[in-house]
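Asks: Take a look at the following structure, please.
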Amino acid sequence: MLRDIITKEIQDTIMSPKFVFTFLLCTILILISVYTGINTYQSEQKEYSAAVALNRKNLDSQASYQTLAGVGVKINREPQVLSTVVSGVQEAVGRQATVNIAFDPNLVDSKFSSNPIFAVFGALDLTFIVKIVLSLFAILFTYDAIVGEKERGTLKLALSNKVPRDRLILGKAIGGFVSLLIPLVIPMVLGLIILMLYPNISLSGEDWGRIGLIFLMFLLYLSVFFTLGLFVSSRTSRSSTSFLLLLFIWVTFVTIIPKAAVMAAGQIKPIPSVHEITAQKDAYLQEVQKEAIAEQTAYFKENPTPKDQAKVPQWREDVKLWLEEFQQRMTSKLDERNAAIEREYQTKVRGQQKMAVNLSRISPASALMFSTMSLAKTGISEYERFLNSIRTYKPIFTKWINEKMMRSLNLSGGQQPTPELDDMPHHEFTAETFGDSFSRVLPDLVLMVFLIILFFVGAFVSFSKYDVR
Amino acid sequence: MLEAKELTKKYEDGVIALDHLNLKVESGEIFCMFGANGAGKTTAINLFLNFIPPTEGTVFIEGIDMIKEPLKAKDFVSFVSENVTLYGNFSAFQNINYFSKLAGKRNLTRDDYSNVMKRVGLQEEAFNMRTKNFSKGMRQKLGIAIAIIKDAPNIILDEPTSGLDPKSGQEFLVLLSELRDLGKSIFMSTHDIFRAKFVADRVGFMQKGKLVMLKSKEELAGEDLNQLYIEYMHEHANS
C-alpha cells in the first residue's frame, strides 16, 4: 500500500504542469549556473596565473633590496575549483595582498570592487538556485499536500478504505520528496558531467567528497521546507491559507532572518571601523618613525665617522650591524603592535561574525549558505585563514628583507647589489582539510536534521488528528 | 449490514450535530436519509466512516465496531462522496486503479475497470481522459465506479445524484437496485426525493441532528413523499 501511495504521489506530481515548469526552469538554471561557474573559474584561474607570473617578473626586476622592501611581494588568492558550484564570498573579498616592509597586509581588488554590478545581483550559483528557487518549489509542491486532498475530496475517499493515516502521510512525504528531487538531481548530474568533461577542470577525490556533502546539505535544506509544507498543510483547512502562511515563513527564513541577524549582531557587538584601525596603525607608525630618527641621530652622534681613515672600514661594519639590528627592532616593534591591534580587531570582528552566524542559523537558508561555502572553501572562514596566513608570512618576509637590506648596504656609495631571490621565504597556505570543514558544517547539518524531524513529527501528529471533512 | 447505536456528535461549541441516532440498514436494503442542510446527514456519514470520533454511541459495519477497529471495519464499506474531484492529472483508469489498490483490490485488470466504468455509464472515450477535463456528472460516475469496484457489502453515498443529468440519474437508480439485489446494504443521504422514492426501501427524515421520522416503502405507498417531507419539516420546525 505504501508503494502505491508513493507511486501515485510521484505520478500525480510528475504529470502536473507545475512539475514540468519546475523541471525545465531548474534544468536551465542549473546548467547555466554550472556553465557560468566554469567560465568564471577558468577566467579567474587565468588571471591568477598571469598575476603570479607578473609578480615574479616584478620581483626579478627590482634593482635593490631597498626597492624590493618597499614594493613588496604580491600574494594572490588562488580560485577554488568548487566555486563553480558555490561561489560563496569569493567575488566579494579581495584577491591580492601586498606584503612589504611598511604596511599591514590586506586583501584588496575584489571582483565586486572592480565591477560593482556583480555585487548588486550576486552570483547565480547552485546554492542560490537551491536556496531560493527550489525551496520555493518545495513549498509549491507541498502547500496543498494534505489540505488540497481534503478540498478535492480524495482524502475522504482514501481514508474510507483500510488506509492507516500514518502510512498515508509517510507515502505522501516520500513520494512528494522524490518528485521534488527530480528537478534537482537530473540537472545537477548533467552539470557534474559537464564539470568532469570540461578541459582544465580537475576535481580531486576530496573535491568529490565535498560535492557529495554539499549535495547532502541541499537535500536537507529542501527537506526542511518540504516537511514544513507538509506540517502547515496538515494544520490548515484551506489551501490558500496554507500557501500564504508558507510564503510568509519562507520570506522570513530566506530573507529577513539572515539580514536581521547581521544587523542585530552589528548593534549588539559593534566593531571599530577599518578607518579607525588604520588611523591607530598610522599613529603608531609615526611614533616609531620619530623614535627611530631620534635613536639614529643619537647613534651617529655617539659614533661619528672616525677621522682616522684606517678605522672607517670597521666603523662601517659596526654601523651595518647596528642598522640591521635597529631595523629589525623597529619593524618588529611595528609589526608586533600592528599585529596586536589587528588581533584585537579580529577578535571583535569574529565575535560579531559568530553572533551573526549563530543568530541567523535559526534560518535554514543561513545554515545552507554557511555550510556549503565552508565545504566549497569559498566561505568567510577560508578567506580569514588565507588572510591570516599572509599576516603570518609578513614578519618572516620582513626579517628576511631587513637582513638582506642591511647586509647589502653600501655605505661608501655606489651601486646596490641586485636582489637574489633564491632564499626568499615563500608564502604558504594550506586549505582547510575535509575533516575540519565537516566539523565546521556539523552544527548546520544537525540543525537542519532537527528541523526536519520537528516539522515531520508535527505533520505526522497533526495529520493523525486532521479533520478530513 | 450497517448499524448506528446511540450515535451522537456534540461539537466543542456545544452544537449537537447528531443526537442519539439508532439505525440499522440490512443487507439488500436501500435506506435514504433526507433532511435540510445542517440537519446532520453528513455528520452521520462522517461518523459511519470514522472521519470524526463520536461523542457517544458507536457504529457497526458487518458487526465490526467502527470506533474500536476502524481499519478492519473499513474493509466492508465503500463510499461515494458528493463533489469528489479526484486526481485531475490522472485519467479515469489511473484514478480507479489507485483507489482499487487502496481498497485492497490488487489483482484487477484493465478490463475489470472498463467494465465497471461502462456499468456506471461513463463513456469509453473518457477512460483515458484526465479527470480535470471531466464534467461534474462524469466525476460522480467515476466516484460511483470506484465505490462499486471495492465490492464491499455496505455502500454509503453522500448526495450521489447531485450533478447527474436526468438520464444518468435514472441509470444510477437502476444500478443501485442491482446492487441491492446483490445483497448490499445501501445508505444514501440525498435531497433528491423524486428519484429516491423509486428505489428506497426505507426513508428517514433528519432535523437538528435527530431522526424525526422513519418510514418503510410500504408505509409510503400512495403518499406523496415530497409533500410529506415538506409538511413534516414545517411541522417540526415550528415545534
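Each chain of the C-alpha cells is named A, B, ... in the order shown, its residues numbered from 1; ligands are numbered from 1 in display order.
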Just the residues within 9 Å of region 10-19 of chain B, please, counting only C-alpha atoms, with nothing from its chain fewer than 3 positions along; format it as a PDB file with C-alpha atoms, in the first residue's frame.

Replies:
ATOM      1  CA  GLU B   6     -26.967   5.889  20.127  1.00  0.00           C
ATOM      2  CA  LEU B   7     -24.649   7.678  17.768  1.00  0.00           C
ATOM      3  CA  GLY B  38     -27.188  21.104   8.519  1.00  0.00           C
ATOM      4  CA  ALA B  39     -29.732  18.519   9.659  1.00  0.00           C
ATOM      5  CA  GLY B  40     -26.985  16.013  10.441  1.00  0.00           C
ATOM      6  CA  LYS B  41     -26.919  13.746   7.372  1.00  0.00           C
ATOM      7  CA  THR B  43     -22.268  14.198  10.185  1.00  0.00           C
ATOM      8  CA  ALA B  44     -23.853  10.751  10.347  1.00  0.00           C
ATOM      9  CA  PRO B  54     -18.439  10.229  18.103  1.00  0.00           C
ATOM     10  CA  THR B  55     -19.235  11.852  21.435  1.00  0.00           C
ATOM     11  CA  GLU B  56     -21.361   8.856  22.319  1.00  0.00           C
ATOM     12  CA  LYS B 208     -31.453  19.272  14.007  1.00  0.00           C
ATOM     13  CA  GLY B 209     -29.423  16.096  14.406  1.00  0.00           C
ATOM     14  CA  LYS B 210     -32.400  13.894  15.178  1.00  0.00           C
ATOM     15  CA  LEU B 211     -34.019  11.215  13.131  1.00  0.00           C
TER      16      LEU B 211
END

Asks: Based on DSSP run over this structure's backbone, return all residues of region 6-235 of chain B in helix (DSSP H, G or I), as a PyMOL selection string.

Replies: chain B and resi 41-48+70-74+92-102+110-119+124-126+131-133+136-150+166-181+193-199+217-220+225-235

Asks: Take the selection from the previous step and output its residues with C-alpha atoms, as a PDB file, in the first residue's frame.

Replies:
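Dumped to result.pdb:
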ATOM      1  CA  LYS B  41     -26.919  13.746   7.372  1.00  0.00           C
ATOM      2  CA  THR B  42     -23.264  14.347   6.513  1.00  0.00           C
ATOM      3  CA  THR B  43     -22.268  14.198  10.185  1.00  0.00           C
ATOM      4  CA  ALA B  44     -23.853  10.751  10.347  1.00  0.00           C
ATOM      5  CA  ILE B  45     -21.815   9.668   7.317  1.00  0.00           C
ATOM      6  CA  ASN B  46     -18.616  11.134   8.785  1.00  0.00           C
ATOM      7  CA  LEU B  47     -19.261   9.108  11.932  1.00  0.00           C
ATOM      8  CA  PHE B  48     -20.131   5.945   9.996  1.00  0.00           C
ATOM      9  CA  PRO B  70     -11.790   1.235  12.081  1.00  0.00           C
ATOM     10  CA  LEU B  71      -9.330  -0.311   9.642  1.00  0.00           C
ATOM     11  CA  LYS B  72     -10.973  -3.714   9.866  1.00  0.00           C
ATOM     12  CA  ALA B  73     -14.476  -2.261   9.515  1.00  0.00           C
ATOM     13  CA  LYS B  74     -13.494  -0.113   6.511  1.00  0.00           C
ATOM     14  CA  ALA B  92     -10.151   7.688 -15.147  1.00  0.00           C
ATOM     15  CA  PHE B  93      -8.156   4.455 -15.381  1.00  0.00           C
ATOM     16  CA  GLN B  94      -5.379   5.783 -13.162  1.00  0.00           C
ATOM     17  CA  ASN B  95      -7.842   7.074 -10.582  1.00  0.00           C
ATOM     18  CA  ILE B  96      -9.803   3.838 -10.346  1.00  0.00           C
ATOM     19  CA  ASN B  97      -6.577   1.827 -10.314  1.00  0.00           C
ATOM     20  CA  TYR B  98      -5.187   3.808  -7.392  1.00  0.00           C
ATOM     21  CA  PHE B  99      -8.325   3.673  -5.272  1.00  0.00           C
ATOM     22  CA  SER B 100      -8.808  -0.039  -6.030  1.00  0.00           C
ATOM     23  CA  LYS B 101      -5.349  -0.698  -4.679  1.00  0.00           C
ATOM     24  CA  LEU B 102      -6.117   1.323  -1.560  1.00  0.00           C
ATOM     25  CA  ARG B 110      -7.867  -3.013 -17.082  1.00  0.00           C
ATOM     26  CA  ASP B 111     -10.895  -4.926 -18.368  1.00  0.00           C
ATOM     27  CA  ASP B 112     -12.359  -5.065 -14.871  1.00  0.00           C
ATOM     28  CA  TYR B 113     -12.001  -1.302 -14.598  1.00  0.00           C
ATOM     29  CA  SER B 114     -13.509  -0.807 -18.052  1.00  0.00           C
ATOM     30  CA  ASN B 115     -16.492  -2.989 -17.212  1.00  0.00           C
ATOM     31  CA  VAL B 116     -17.299  -1.102 -14.021  1.00  0.00           C
ATOM     32  CA  MET B 117     -16.865   2.276 -15.669  1.00  0.00           C
ATOM     33  CA  LYS B 118     -19.149   1.178 -18.504  1.00  0.00           C
ATOM     34  CA  ARG B 119     -21.614  -0.102 -15.952  1.00  0.00           C
ATOM     35  CA  GLU B 124     -15.377   4.749 -23.203  1.00  0.00           C
ATOM     36  CA  GLU B 125     -13.669   7.810 -24.699  1.00  0.00           C
ATOM     37  CA  ALA B 126     -13.393   9.211 -21.184  1.00  0.00           C
ATOM     38  CA  THR B 131     -10.334  13.787 -14.951  1.00  0.00           C
ATOM     39  CA  LYS B 132      -9.707  17.517 -14.661  1.00  0.00           C
ATOM     40  CA  ASN B 133     -11.481  17.722 -18.025  1.00  0.00           C
ATOM     41  CA  LYS B 136     -19.317  17.044 -12.600  1.00  0.00           C
ATOM     42  CA  GLY B 137     -21.567  14.208 -13.720  1.00  0.00           C
ATOM     43  CA  MET B 138     -18.638  12.260 -15.191  1.00  0.00           C
ATOM     44  CA  ARG B 139     -16.660  12.652 -11.985  1.00  0.00           C
ATOM     45  CA  GLN B 140     -19.636  11.481 -10.000  1.00  0.00           C
ATOM     46  CA  LYS B 141     -19.960   8.399 -12.195  1.00  0.00           C
ATOM     47  CA  LEU B 142     -16.292   7.620 -11.739  1.00  0.00           C
ATOM     48  CA  GLY B 143     -16.695   8.061  -7.978  1.00  0.00           C
ATOM     49  CA  ILE B 144     -19.526   5.542  -8.052  1.00  0.00           C
ATOM     50  CA  ALA B 145     -17.401   3.169 -10.142  1.00  0.00           C
ATOM     51  CA  ILE B 146     -14.621   3.433  -7.534  1.00  0.00           C
ATOM     52  CA  ALA B 147     -17.122   2.511  -4.809  1.00  0.00           C
ATOM     53  CA  ILE B 148     -18.532  -0.400  -6.788  1.00  0.00           C
ATOM     54  CA  ILE B 149     -15.173  -1.918  -7.682  1.00  0.00           C
ATOM     55  CA  LYS B 150     -14.336  -2.294  -3.999  1.00  0.00           C
ATOM     56  CA  PRO B 166     -31.779  13.071 -15.695  1.00  0.00           C
ATOM     57  CA  LYS B 167     -30.724  10.110 -17.862  1.00  0.00           C
ATOM     58  CA  SER B 168     -27.658   9.380 -15.751  1.00  0.00           C
ATOM     59  CA  GLY B 169     -29.731   9.824 -12.611  1.00  0.00           C
ATOM     60  CA  GLN B 170     -32.178   7.237 -13.853  1.00  0.00           C
ATOM     61  CA  GLU B 171     -29.358   4.866 -14.802  1.00  0.00           C
ATOM     62  CA  PHE B 172     -27.885   5.370 -11.358  1.00  0.00           C
ATOM     63  CA  LEU B 173     -31.133   4.293  -9.722  1.00  0.00           C
ATOM     64  CA  VAL B 174     -31.158   1.126 -11.811  1.00  0.00           C
ATOM     65  CA  LEU B 175     -27.575   0.497 -10.709  1.00  0.00           C
ATOM     66  CA  LEU B 176     -28.490   0.967  -7.060  1.00  0.00           C
ATOM     67  CA  SER B 177     -31.333  -1.518  -7.454  1.00  0.00           C
ATOM     68  CA  GLU B 178     -28.920  -4.022  -8.965  1.00  0.00           C
ATOM     69  CA  LEU B 179     -26.516  -3.565  -6.069  1.00  0.00           C
ATOM     70  CA  ARG B 180     -29.338  -4.070  -3.600  1.00  0.00           C
ATOM     71  CA  ASP B 181     -30.288  -7.239  -5.429  1.00  0.00           C
ATOM     72  CA  ILE B 193     -36.772  12.915  -3.042  1.00  0.00           C
ATOM     73  CA  PHE B 194     -38.122  12.480  -6.546  1.00  0.00           C
ATOM     74  CA  ARG B 195     -35.544   9.856  -7.504  1.00  0.00           C
ATOM     75  CA  ALA B 196     -35.081   8.308  -4.088  1.00  0.00           C
ATOM     76  CA  LYS B 197     -38.700   7.306  -3.656  1.00  0.00           C
ATOM     77  CA  PHE B 198     -38.342   4.916  -6.584  1.00  0.00           C
ATOM     78  CA  VAL B 199     -35.593   2.877  -5.012  1.00  0.00           C
ATOM     79  CA  LYS B 217     -41.652   1.591   1.421  1.00  0.00           C
ATOM     80  CA  GLU B 218     -44.979   0.048   2.362  1.00  0.00           C
ATOM     81  CA  GLU B 219     -45.851   2.925   4.667  1.00  0.00           C
ATOM     82  CA  LEU B 220     -45.014   5.353   1.908  1.00  0.00           C
ATOM     83  CA  LEU B 225     -43.165  11.781  -0.328  1.00  0.00           C
ATOM     84  CA  ASN B 226     -42.308  15.298  -1.450  1.00  0.00           C
ATOM     85  CA  GLN B 227     -45.363  16.776   0.225  1.00  0.00           C
ATOM     86  CA  LEU B 228     -44.830  14.630   3.301  1.00  0.00           C
ATOM     87  CA  TYR B 229     -41.262  15.853   3.621  1.00  0.00           C
ATOM     88  CA  ILE B 230     -42.227  19.499   3.334  1.00  0.00           C
ATOM     89  CA  GLU B 231     -45.096  19.143   5.798  1.00  0.00           C
ATOM     90  CA  TYR B 232     -43.062  17.185   8.266  1.00  0.00           C
ATOM     91  CA  MET B 233     -40.196  19.591   8.176  1.00  0.00           C
ATOM     92  CA  HIS B 234     -42.527  22.530   8.555  1.00  0.00           C
ATOM     93  CA  GLU B 235     -44.282  20.874  11.472  1.00  0.00           C
TER      94      GLU B 235
END

Asks: Using only C-alpha atoms for the distances, tell me which of A:Glu317, A:Asp335, A:Asp444, A:Asp422 is nearest to Ser363 (chain A).

Replies: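 For Ser363 (chain A), the nearest of the candidates is A:Asp444.
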
Asks: Please provide the set of residues having any atom within 8 Å of Met217 (chain A), restricted to only C-alpha atoms, with same-chain residues fewer than 2 positions apart removed, written as a list in words.

Replies: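 Listing them by chain and then by number gives Leu213, Ile214, Phe215, Leu219, Leu220, Tyr221, Leu368, Ser371, Thr372 and Leu445 of chain A.
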
Asks: Rank A:Gly435, A:Gly171, A:Gly70, A:Pro199 by their smallest atom-to-atom distance to Ser374 (chain A), using only C-alpha atoms, and report the top residue only.

Replies: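 Between A:Gly435, A:Gly171, A:Gly70, A:Pro199, the residue approaching Ser374 (chain A) most closely is A:Gly435.
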